[in-house]
>>> print(open('model.cif').read())   # mmCIF, C-alpha atoms
data_data
#
loop_
_atom_site.label_atom_id
_atom_site.label_comp_id
_atom_site.auth_asym_id
_atom_site.auth_seq_id
_atom_site.Cartn_x
_atom_site.Cartn_y
_atom_site.Cartn_z
CA MET A 6 -7.20 -36.26 -11.21
CA THR A 7 -9.65 -37.08 -8.45
CA THR A 8 -13.19 -35.83 -9.08
CA ILE A 9 -16.16 -35.19 -6.83
CA LYS A 10 -17.71 -38.40 -8.20
CA ASP A 11 -14.66 -40.39 -7.00
CA VAL A 12 -15.09 -38.93 -3.51
CA ALA A 13 -18.81 -39.77 -3.50
CA LYS A 14 -18.13 -43.37 -4.60
CA ASP A 15 -15.39 -43.88 -1.99
CA ALA A 16 -17.53 -42.41 0.82
CA GLY A 17 -20.63 -44.29 -0.28
CA VAL A 18 -22.75 -41.15 -0.54
CA SER A 19 -24.29 -39.10 -3.32
CA VAL A 20 -22.46 -36.39 -5.28
CA GLY A 21 -24.94 -33.92 -3.79
CA THR A 22 -23.87 -34.87 -0.27
CA VAL A 23 -20.21 -34.32 -1.13
CA SER A 24 -21.11 -30.95 -2.65
CA ASN A 25 -23.00 -29.97 0.50
CA VAL A 26 -20.01 -30.84 2.70
CA ILE A 27 -17.64 -28.84 0.49
CA ASN A 28 -19.95 -25.82 0.45
CA GLY A 29 -20.68 -25.87 4.17
CA ALA A 30 -24.32 -26.89 3.88
CA ARG A 31 -26.02 -28.91 6.61
CA VAL A 32 -25.08 -32.62 6.44
CA GLY A 33 -25.43 -35.42 8.96
CA LYS A 34 -22.38 -35.86 11.18
CA GLU A 35 -21.63 -39.45 10.07
CA LYS A 36 -21.84 -38.64 6.36
CA LYS A 37 -19.75 -35.51 6.84
CA ILE A 38 -16.99 -37.54 8.50
CA LEU A 39 -17.08 -40.12 5.69
CA VAL A 40 -16.80 -37.42 3.03
CA GLU A 41 -13.96 -35.60 4.80
CA GLN A 42 -12.05 -38.88 5.23
CA SER A 43 -12.46 -39.68 1.52
CA ILE A 44 -11.36 -36.18 0.49
CA GLN A 45 -8.21 -36.56 2.58
CA LYS A 46 -7.50 -40.14 1.43
CA LEU A 47 -7.96 -39.38 -2.27
CA GLY A 48 -6.27 -35.97 -2.13
CA TYR A 49 -9.27 -34.24 -3.66
CA GLU A 50 -8.73 -30.51 -4.19
CA VAL A 51 -11.69 -28.17 -4.36
CA ASN A 52 -11.82 -25.86 -7.38
CA THR A 53 -12.45 -22.71 -5.37
CA LEU A 54 -13.13 -20.45 -8.34
CA ALA A 55 -15.58 -22.89 -9.90
CA ARG A 56 -17.34 -23.27 -6.55
CA GLY A 57 -17.57 -19.51 -6.34
CA LEU A 58 -19.71 -19.38 -9.47
CA LYS A 59 -22.37 -21.27 -7.51
CA THR A 60 -21.88 -19.99 -3.98
CA GLN A 61 -21.05 -16.35 -4.89
CA LYS A 62 -17.96 -16.71 -2.67
CA THR A 63 -14.44 -17.86 -3.55
CA ASP A 64 -12.33 -16.73 -0.58
CA TYR A 65 -10.01 -14.98 -3.06
CA VAL A 66 -9.16 -11.27 -2.91
CA VAL A 67 -7.43 -9.30 -5.67
CA VAL A 68 -4.62 -6.99 -4.49
CA ILE A 69 -3.61 -4.29 -6.99
CA LEU A 70 -0.18 -2.64 -6.61
CA PRO A 71 1.70 -0.32 -9.01
CA GLU A 72 5.05 -2.12 -8.63
CA LEU A 73 7.22 -4.13 -6.27
CA GLU A 74 10.50 -2.27 -6.91
CA ASN A 75 9.35 0.16 -4.26
CA PRO A 76 9.96 -1.81 -1.03
CA PHE A 77 7.02 -0.10 0.66
CA PHE A 78 4.61 -1.80 -1.74
CA SER A 79 6.30 -5.15 -1.09
CA LEU A 80 5.87 -4.64 2.64
CA ILE A 81 2.21 -3.69 2.19
CA LEU A 82 1.64 -6.84 0.12
CA SER A 83 3.25 -9.07 2.75
CA ASN A 84 1.10 -7.64 5.54
CA ILE A 85 -2.13 -7.75 3.52
CA GLU A 86 -1.46 -11.40 2.63
CA LYS A 87 -0.89 -12.22 6.30
CA ALA A 88 -4.07 -10.46 7.42
CA LEU A 89 -6.15 -12.08 4.66
CA SER A 90 -4.73 -15.52 5.42
CA GLU A 91 -5.86 -15.17 9.03
CA ARG A 92 -9.38 -14.60 7.65
CA GLY A 93 -9.19 -17.68 5.42
CA LYS A 94 -8.66 -15.61 2.26
CA GLN A 95 -6.10 -16.05 -0.52
CA ILE A 96 -4.77 -13.33 -2.80
CA VAL A 97 -4.58 -12.82 -6.54
CA ILE A 98 -1.83 -10.25 -7.20
CA CYS A 99 -2.00 -7.61 -9.92
CA ILE A 100 1.25 -5.69 -10.44
CA SER A 101 -0.16 -3.06 -12.75
CA GLY A 102 2.76 -0.78 -13.55
CA GLY A 103 0.18 2.00 -13.45
CA ASP A 104 -1.55 0.55 -16.52
CA ALA A 105 -5.30 1.26 -16.28
CA GLU A 106 -6.13 -1.42 -18.88
CA LYS A 107 -4.27 -4.06 -16.90
CA GLU A 108 -6.08 -3.05 -13.73
CA ALA A 109 -9.40 -3.16 -15.59
CA LYS A 110 -8.67 -6.74 -16.72
CA PHE A 111 -8.14 -7.84 -13.12
CA ILE A 112 -11.31 -6.04 -12.01
CA ASN A 113 -13.24 -7.87 -14.73
CA LEU A 114 -11.54 -11.13 -13.71
CA ALA A 115 -12.79 -10.53 -10.18
CA LYS A 116 -16.33 -9.94 -11.46
CA ARG A 117 -16.41 -13.03 -13.69
CA ASN A 118 -15.04 -15.39 -11.07
CA LYS A 119 -17.03 -14.02 -8.14
CA ILE A 120 -13.83 -13.07 -6.33
CA ASP A 121 -14.76 -11.67 -2.94
CA GLY A 122 -13.24 -8.21 -3.27
CA ILE A 123 -10.31 -5.97 -4.16
CA ILE A 124 -7.76 -4.01 -2.12
CA GLY A 125 -5.88 -1.58 -4.30
CA ILE A 126 -3.21 1.06 -4.55
CA THR A 127 -3.95 2.55 -7.94
CA TYR A 128 -3.20 5.85 -9.64
CA SER A 129 -5.32 5.10 -12.71
CA LYS A 130 -8.82 6.20 -13.72
CA ILE A 131 -10.59 2.92 -13.03
CA ASP A 132 -13.80 4.29 -11.54
CA LYS A 133 -15.91 3.30 -14.54
CA TYR A 134 -14.92 -0.36 -14.18
CA LEU A 135 -16.14 -0.60 -10.58
CA THR A 136 -19.72 -1.57 -9.80
CA ASP A 137 -21.78 -1.22 -6.65
CA SER A 138 -21.66 -4.98 -6.16
CA MET A 139 -17.83 -5.11 -6.10
CA ALA A 140 -16.29 -4.84 -2.63
CA PHE A 141 -13.34 -2.47 -3.09
CA VAL A 142 -11.04 -0.83 -0.53
CA SER A 143 -8.61 1.81 -1.75
CA ILE A 144 -5.34 2.78 -0.09
CA ASP A 145 -4.50 6.51 0.01
CA ARG A 146 -6.69 7.33 -3.00
CA HIS A 147 -10.17 8.86 -3.35
CA LEU A 148 -11.93 6.92 -6.11
CA ARG A 149 -15.64 7.57 -5.57
CA THR A 150 -17.68 8.77 -2.63
CA ASP A 151 -19.13 5.27 -2.21
CA ILE A 152 -15.73 3.53 -2.20
CA PRO A 153 -13.95 3.65 1.19
CA TYR A 154 -10.25 4.30 1.49
CA VAL A 155 -7.64 3.88 4.20
CA SER A 156 -4.72 6.20 4.78
CA ASN A 157 -2.23 7.24 7.39
CA ASP A 158 -2.26 10.77 8.81
CA ASN A 159 -0.27 12.33 5.98
CA LEU A 160 -1.01 15.89 7.10
CA ALA A 161 0.47 15.21 10.54
CA GLY A 162 3.37 13.41 8.87
CA GLY A 163 4.30 16.46 6.79
CA ARG A 164 4.16 18.71 9.84
CA LEU A 165 6.23 16.23 11.83
CA ALA A 166 8.92 16.17 9.13
CA ALA A 167 9.24 19.95 9.02
CA GLU A 168 9.22 20.15 12.81
CA ASN A 169 12.01 17.60 13.20
CA LEU A 170 14.20 19.26 10.59
CA CYS A 171 13.83 22.57 12.43
CA LEU A 172 14.42 21.04 15.87
CA ARG A 173 17.68 19.66 14.51
CA GLY A 174 18.91 23.04 13.32
CA ALA A 175 17.76 23.28 9.69
CA LYS A 176 16.84 26.83 8.66
CA ASN A 177 15.89 26.62 4.98
CA LEU A 178 13.73 23.65 3.97
CA LEU A 179 12.73 21.93 0.76
CA CYS A 180 9.80 19.56 0.25
CA PHE A 181 10.61 17.13 -2.58
CA GLN A 182 7.51 15.21 -3.62
CA THR A 183 6.30 12.84 -6.31
CA ILE A 184 2.53 12.95 -6.67
CA SER A 185 -0.25 11.44 -8.72
CA SER A 186 -2.22 13.65 -11.08
CA LEU A 187 -5.32 12.24 -9.35
CA ASP A 188 -6.44 13.29 -5.89
CA SER A 189 -4.97 11.27 -3.05
CA GLU A 190 -4.14 11.59 0.64
CA VAL A 191 -0.42 11.64 -0.21
CA ARG A 192 -0.83 15.28 -1.26
CA ASN A 193 -1.38 16.13 2.40
CA ARG A 194 2.28 15.41 3.14
CA ARG A 195 3.22 18.64 1.39
CA ARG A 196 0.26 20.51 2.90
CA GLY A 197 1.29 19.54 6.43
CA PHE A 198 4.90 20.51 5.69
CA GLU A 199 3.83 23.91 4.38
CA GLN A 200 1.47 24.52 7.30
CA TYR A 201 4.25 24.01 9.81
CA CYS A 202 6.66 26.28 7.92
CA ILE A 203 4.06 29.05 7.56
CA ASP A 204 2.95 28.79 11.20
CA HIS A 205 6.54 29.02 12.45
CA GLY A 206 8.00 31.49 9.92
CA VAL A 207 10.39 28.93 8.41
CA ARG A 208 11.84 29.53 4.95
CA TYR A 209 10.86 26.80 2.51
CA ASN A 210 10.35 25.76 -1.10
CA CYS A 211 8.56 22.84 -2.73
CA ALA A 212 9.51 20.79 -5.78
CA GLU A 213 6.98 18.38 -7.25
CA PHE A 214 6.92 15.99 -10.17
CA SER A 215 4.40 13.43 -11.29
CA GLU A 216 4.56 9.68 -10.76
CA THR A 217 5.30 9.27 -14.48
CA GLN A 218 8.24 11.67 -14.34
CA GLY A 219 9.63 10.00 -11.25
CA SER A 220 8.67 6.38 -11.87
CA SER A 221 10.99 3.47 -11.12
CA ILE A 222 13.54 5.59 -9.31
CA TYR A 223 15.64 2.48 -8.67
CA THR A 224 16.02 1.65 -12.35
CA SER A 225 15.40 4.84 -14.34
CA PHE A 226 18.37 7.04 -15.25
CA GLY A 227 15.89 9.67 -16.44
CA SER A 228 14.41 9.91 -12.96
CA ARG A 229 17.87 10.19 -11.47
CA ASN A 230 18.68 13.07 -13.81
CA LEU A 231 15.46 14.83 -12.83
CA ILE A 232 16.28 14.50 -9.14
CA ARG A 233 19.83 15.71 -9.76
CA ASN A 234 18.56 18.78 -11.62
CA VAL A 235 16.23 19.70 -8.76
CA LEU A 236 19.04 19.31 -6.25
CA ASN A 237 21.33 21.48 -8.38
CA ALA A 238 18.66 24.17 -8.39
CA TYR A 239 18.20 24.22 -4.61
CA VAL A 240 21.03 22.57 -2.69
CA ASN A 241 23.72 24.86 -4.06
CA THR A 242 21.83 27.65 -2.31
CA ASP A 243 21.51 27.51 1.47
CA VAL A 244 18.92 24.71 1.67
CA ASP A 245 19.97 22.56 4.62
CA GLY A 246 16.92 20.34 5.18
CA ILE A 247 14.88 18.20 2.78
CA PHE A 248 11.61 16.35 3.31
CA ALA A 249 11.15 13.65 0.66
CA SER A 250 7.73 12.12 0.06
CA SER A 251 9.06 8.55 0.30
CA ASP A 252 12.03 6.74 1.75
CA HIS A 253 13.31 5.43 -1.57
CA LEU A 254 13.22 9.00 -2.93
CA ALA A 255 15.10 10.14 0.19
CA VAL A 256 17.77 7.47 -0.38
CA VAL A 257 18.34 8.64 -3.96
CA ILE A 258 18.45 12.29 -2.83
CA CYS A 259 21.16 11.39 -0.29
CA GLU A 260 23.16 9.52 -2.93
CA GLU A 261 22.98 12.37 -5.42
CA ALA A 262 23.71 15.03 -2.79
CA ARG A 263 26.85 13.17 -1.74
CA LYS A 264 28.01 13.15 -5.37
CA MET A 265 27.68 16.93 -5.26
CA GLY A 266 30.05 17.03 -2.29
CA LYS A 267 27.44 17.43 0.42
CA HIS A 268 27.93 15.69 3.76
CA ILE A 269 24.82 14.14 5.30
CA PRO A 270 23.62 15.10 7.86
CA GLU A 271 26.30 17.75 8.54
CA ASP A 272 25.58 19.90 5.45
CA LEU A 273 22.18 18.58 4.49
CA GLN A 274 19.57 16.76 6.59
CA VAL A 275 17.03 14.49 4.89
CA ILE A 276 13.77 12.98 6.16
CA GLY A 277 11.76 10.49 4.12
CA PHE A 278 8.28 9.04 4.52
CA ASP A 279 7.41 5.34 5.10
CA GLY A 280 9.84 4.19 7.81
CA LEU A 281 11.42 1.41 5.76
CA ARG A 282 14.10 -0.63 7.49
CA LEU A 283 16.99 -2.80 6.41
CA LEU A 284 15.57 -6.28 5.78
CA ASN A 285 12.29 -4.90 7.19
CA TYR A 286 13.44 -5.13 10.80
CA GLY A 287 16.90 -3.50 11.12
CA SER A 288 17.87 0.15 11.26
CA PRO A 289 15.81 2.68 9.26
CA LEU A 290 17.19 3.35 5.77
CA VAL A 291 16.90 7.09 6.40
CA SER A 292 15.39 9.30 9.07
CA SER A 293 11.72 9.03 8.27
CA ILE A 294 8.07 9.50 9.10
CA GLU A 295 7.09 5.90 9.78
CA GLN A 296 3.76 4.53 8.61
CA PRO A 297 2.18 1.69 10.64
CA VAL A 298 2.20 -0.76 7.72
CA GLU A 299 0.79 -3.71 9.64
CA LEU A 300 -2.05 -1.58 11.04
CA LEU A 301 -2.72 -0.16 7.57
CA ALA A 302 -2.97 -3.66 6.06
CA ARG A 303 -5.18 -5.00 8.85
CA THR A 304 -7.46 -1.97 8.65
CA CYS A 305 -7.92 -2.54 4.91
CA VAL A 306 -8.75 -6.22 5.45
CA ASP A 307 -11.11 -5.43 8.35
CA MET A 308 -12.89 -2.87 6.18
CA LEU A 309 -13.20 -5.33 3.29
CA MET A 310 -14.69 -7.96 5.61
CA LYS A 311 -17.26 -5.44 6.85
CA ILE A 312 -18.28 -4.68 3.27
CA LEU A 313 -18.64 -8.41 2.56
CA ASN A 314 -20.80 -8.73 5.66
CA HIS A 315 -22.94 -5.78 4.50
CA GLU A 316 -21.86 -3.61 7.43
CA GLU A 317 -21.48 0.15 7.18
CA VAL A 318 -17.92 1.41 6.61
CA HIS A 319 -16.32 4.85 6.58
CA SER A 320 -13.04 6.04 5.12
CA ILE A 321 -10.16 6.27 7.59
CA THR A 322 -7.41 8.86 7.12
CA ASN A 323 -5.79 9.23 10.52
CA LEU A 324 -3.72 6.11 11.20
CA PRO A 325 -0.85 7.34 13.42
CA VAL A 326 2.64 8.16 12.14
CA ARG A 327 5.86 8.86 14.05
CA PHE A 328 9.40 10.11 13.44
CA VAL A 329 12.20 7.52 13.42
CA GLU A 330 15.90 8.39 13.47
CA GLY A 331 17.87 6.86 10.63
CA GLY A 332 21.15 8.75 10.55
CA THR A 333 20.31 11.35 7.89
CA THR A 334 19.42 13.96 10.50
CA LYS A 335 21.42 15.49 13.33
CA LYS A 336 20.73 14.91 16.97
CA MET A 337 18.06 17.26 18.25
CA GLU A 338 19.31 20.58 19.57
CA ARG A 339 18.70 21.17 23.26
#
>>> encode(input="model.cif", output="structure tokens")
Amino acid sequence: MTTIKDVAKDAGVSVGTVSNVINGARVGKEKKILVEQSIQKLGYEVNTLARGLKTQKTDYVVVILPELENPFFSLILSNIEKALSERGKQIVICISGGDAEKEAKFINLAKRNKIDGIIGITYSKIDKYLTDSMAFVSIDRHLRTDIPYVSNDNLAGGRLAAENLCLRGAKNLLCFQTISSLDSEVRNRRRGFEQYCIDHGVRYNCAEFSETQGSSIYTSFGSRNLIRNVLNAYVNTDVDGIFASSDHLAVVICEEARKMGKHIPEDLQVIGFDGLRLLNYGSPLVSSIEQPVELLARTCVDMLMKILNHEEVHSITNLPVRFVEGGTTKKMER
């Protein structure tokens, strides 16, 4: 393996000069060219993490996500990686499964290796592991008053879902939501839904269960049974419109409702939240409140860069959402 000493010998300069070139310190133009040519010729690779111990900067960012089975998290990851790459940053991925100890290990890894910062979607109590010196941007979740977070306008999204169900003829609505036991902006989806129904005299009910009860909806039969039981309790009444707190929950609701003999959207209209599409660019999986995923990712990265540059940052909770038609709702009544 090529070492920094090999580069120095080949370029005819000191090890210190090579180190200065690698770390961006001021070096004469001729010597810099010689070092860069030797690095390329010998295929020398900089140990970024080791360099970070000296420079306090590694150009790595930890991204914490609960899972990748949920396609929304996969889409978020893809867009964050793209935005970080444009800033010369690389990612270290932590798929936590909601495990606070696992998240704590990655936070400590970031501290030890001088990793630049963390962007996280976490539903764990990790506040005590975070220090003032760690640049951290949270998505949708309030961690501490000094830790900024980014979120879409969930309140407007809930109102928009209820409004679109009503405009398409639904008379008796149900909000079906999975939530974290910890405070997050996602709770505002239900609040917006309820506000619209109350303001317009619409009949409605709400069914909630925790992220542990409804985890891994794609793979958990227990979660499917829970969803089926809720549907049995409500859909066999005259509920004709459902707002689900995520698209993958909406997909499962549609599947289970069809097994019960319901026709969608004729008997039951369903609106999800996220705006996921087939292969990420085709038709929406379900009618949905679409989040601007690319804007969300870029906003998180921009905020992290401001923190790293010691600029003032404020939490953002109003990224715009919109309704997209995906075939699980009727055409709007005129």
>>> resolve_selection(input="model.cif", expression="the PyMOL selection byres ((chain A and resi 307) around 12)", output="list in words")
Ile85, Ala88, Leu89, Glu91, Arg92, Ile124, Val142, Pro153, Tyr154, Val155, Leu300, Leu301, Ala302, Arg303, Thr304, Cys305, Val306, Met308, Leu309, Met310, Lys311, Ile312, Leu313, Asn314, Glu316, Glu317, Val318, His319 and Ile321 of chain A
>>> resolve_selection(input="model.cif", expression="the PyMOL selection byres ((chain A and resi 254) around 10)", output="PDB file with C-alpha atoms, in the frame of the given file")
ATOM      1  CA  ASN A  75       9.350   0.160  -4.260  1.00  0.00           C
ATOM      2  CA  PHE A 181      10.610  17.130  -2.580  1.00  0.00           C
ATOM      3  CA  GLN A 182       7.510  15.210  -3.620  1.00  0.00           C
ATOM      4  CA  THR A 183       6.300  12.840  -6.310  1.00  0.00           C
ATOM      5  CA  GLY A 219       9.630  10.000 -11.250  1.00  0.00           C
ATOM      6  CA  ILE A 222      13.540   5.590  -9.310  1.00  0.00           C
ATOM      7  CA  TYR A 223      15.640   2.480  -8.670  1.00  0.00           C
ATOM      8  CA  ARG A 229      17.870  10.190 -11.470  1.00  0.00           C
ATOM      9  CA  ILE A 232      16.280  14.500  -9.140  1.00  0.00           C
ATOM     10  CA  PHE A 248      11.610  16.350   3.310  1.00  0.00           C
ATOM     11  CA  ALA A 249      11.150  13.650   0.660  1.00  0.00           C
ATOM     12  CA  SER A 250       7.730  12.120   0.060  1.00  0.00           C
ATOM     13  CA  SER A 251       9.060   8.550   0.300  1.00  0.00           C
ATOM     14  CA  ASP A 252      12.030   6.740   1.750  1.00  0.00           C
ATOM     15  CA  HIS A 253      13.310   5.430  -1.570  1.00  0.00           C
ATOM     16  CA  ALA A 255      15.100  10.140   0.190  1.00  0.00           C
ATOM     17  CA  VAL A 256      17.770   7.470  -0.380  1.00  0.00           C
ATOM     18  CA  VAL A 257      18.340   8.640  -3.960  1.00  0.00           C
ATOM     19  CA  ILE A 258      18.450  12.290  -2.830  1.00  0.00           C
ATOM     20  CA  CYS A 259      21.160  11.390  -0.290  1.00  0.00           C
ATOM     21  CA  GLU A 260      23.160   9.520  -2.930  1.00  0.00           C
ATOM     22  CA  ILE A 276      13.770  12.980   6.160  1.00  0.00           C
ATOM     23  CA  GLY A 277      11.760  10.490   4.120  1.00  0.00           C
ATOM     24  CA  PHE A 278       8.280   9.040   4.520  1.00  0.00           C
TER      25      PHE A 278
END
>>> closest_residue(input="model.cif", among="A:Phe111, A:Glu213, A:Val12, A:Ser320", to="A:Ser143", atoms="all atoms listed in the file")
A:Ser320
>>> residues_around(input="model.cif", residues="A:Glu271", least_positions_apart="2", cutoff="10 Å", atoms="all atoms listed in the file", output="PyMOL selection string")
chain A and resi 245+267-269+273-274+333-335
>>> atom_distance(input="model.cif", atom1="atom CA of A:Val291", atom2="atom CA of A:Phe328")
10.7 Å
>>> resolve_selection(input="model.cif", expression="the PyMOL selection byres ((chain A and resi 99) around 8)", output="list in words")
Val67, Val68, Ile69, Leu70, Val97, Ile98, Ile100, Ser101, Glu108 and Phe111 of chain A
>>> closest_residue(input="model.cif", among="A:Arg233, A:Asn84, A:Arg208, A:Glu41", to="A:Lys264", atoms="all atoms listed in the file")
A:Arg233
>>> atom_distance(input="model.cif", atom1="atom CA of A:Ile126", atom2="atom CA of A:Leu114")
17.4 Å
>>> closest_residue(input="model.cif", among="A:Tyr239, A:Phe77, A:Tyr209, A:Phe141", to="A:Leu290", atoms="all atoms listed in the file")
A:Phe77
>>> closest_residue(input="model.cif", among="A:Pro76, A:Val66, A:Arg149, A:Tyr128", to="A:Lys116", atoms="all atoms listed in the file")
A:Val66
>>> decode(input="model.cif", residues="stretch 307-318 of chain A", atoms="N, CA, C and O atoms", output="tab-separated table (two decimals), in the first residue's frame")
chain	number	residue	atom	x	y	z
A	307	ASP	N	-28.36	22.00	3.48
A	307	ASP	CA	-28.05	23.43	3.58
A	307	ASP	C	-27.95	23.86	5.04
A	307	ASP	O	-27.06	24.63	5.42
A	308	MET	N	-28.87	23.37	5.85
A	308	MET	CA	-28.88	23.72	7.27
A	308	MET	C	-27.64	23.18	7.97
A	308	MET	O	-27.02	23.87	8.78
A	309	LEU	N	-27.26	21.94	7.63
A	309	LEU	CA	-26.06	21.36	8.23
A	309	LEU	C	-24.82	22.16	7.86
A	309	LEU	O	-23.95	22.41	8.70
A	310	MET	N	-24.73	22.58	6.60
A	310	MET	CA	-23.58	23.37	6.17
A	310	MET	C	-23.51	24.71	6.91
A	310	MET	O	-22.42	25.19	7.25
A	311	LYS	N	-24.66	25.32	7.17
A	311	LYS	CA	-24.68	26.57	7.92
A	311	LYS	C	-24.16	26.35	9.34
A	311	LYS	O	-23.41	27.17	9.87
A	312	ILE	N	-24.57	25.24	9.95
A	312	ILE	CA	-24.08	24.94	11.30
A	312	ILE	C	-22.56	24.77	11.28
A	312	ILE	O	-21.86	25.29	12.16
A	313	LEU	N	-22.05	24.05	10.28
A	313	LEU	CA	-20.61	23.82	10.18
A	313	LEU	C	-19.85	25.12	9.94
A	313	LEU	O	-18.69	25.25	10.33
A	314	ASN	N	-20.52	26.08	9.31
A	314	ASN	CA	-19.90	27.38	9.05
A	314	ASN	C	-20.19	28.40	10.16
A	314	ASN	O	-19.93	29.58	10.00
A	315	HIS	N	-20.80	27.89	11.26
A	315	HIS	CA	-21.09	28.71	12.44
A	315	HIS	C	-22.06	29.84	12.12
A	315	HIS	O	-21.98	30.94	12.68
A	316	GLU	N	-23.00	29.56	11.22
A	316	GLU	CA	-24.05	30.52	10.89
A	316	GLU	C	-25.30	30.18	11.69
A	316	GLU	O	-25.53	29.03	12.09
A	317	GLU	N	-26.13	31.17	11.92
A	317	GLU	CA	-27.36	30.97	12.68
A	317	GLU	C	-28.37	30.19	11.83
A	317	GLU	O	-28.54	30.45	10.64
A	318	VAL	N	-29.06	29.22	12.46
A	318	VAL	CA	-30.07	28.44	11.76
A	318	VAL	C	-31.34	28.39	12.60
A	318	VAL	O	-31.30	28.49	13.83
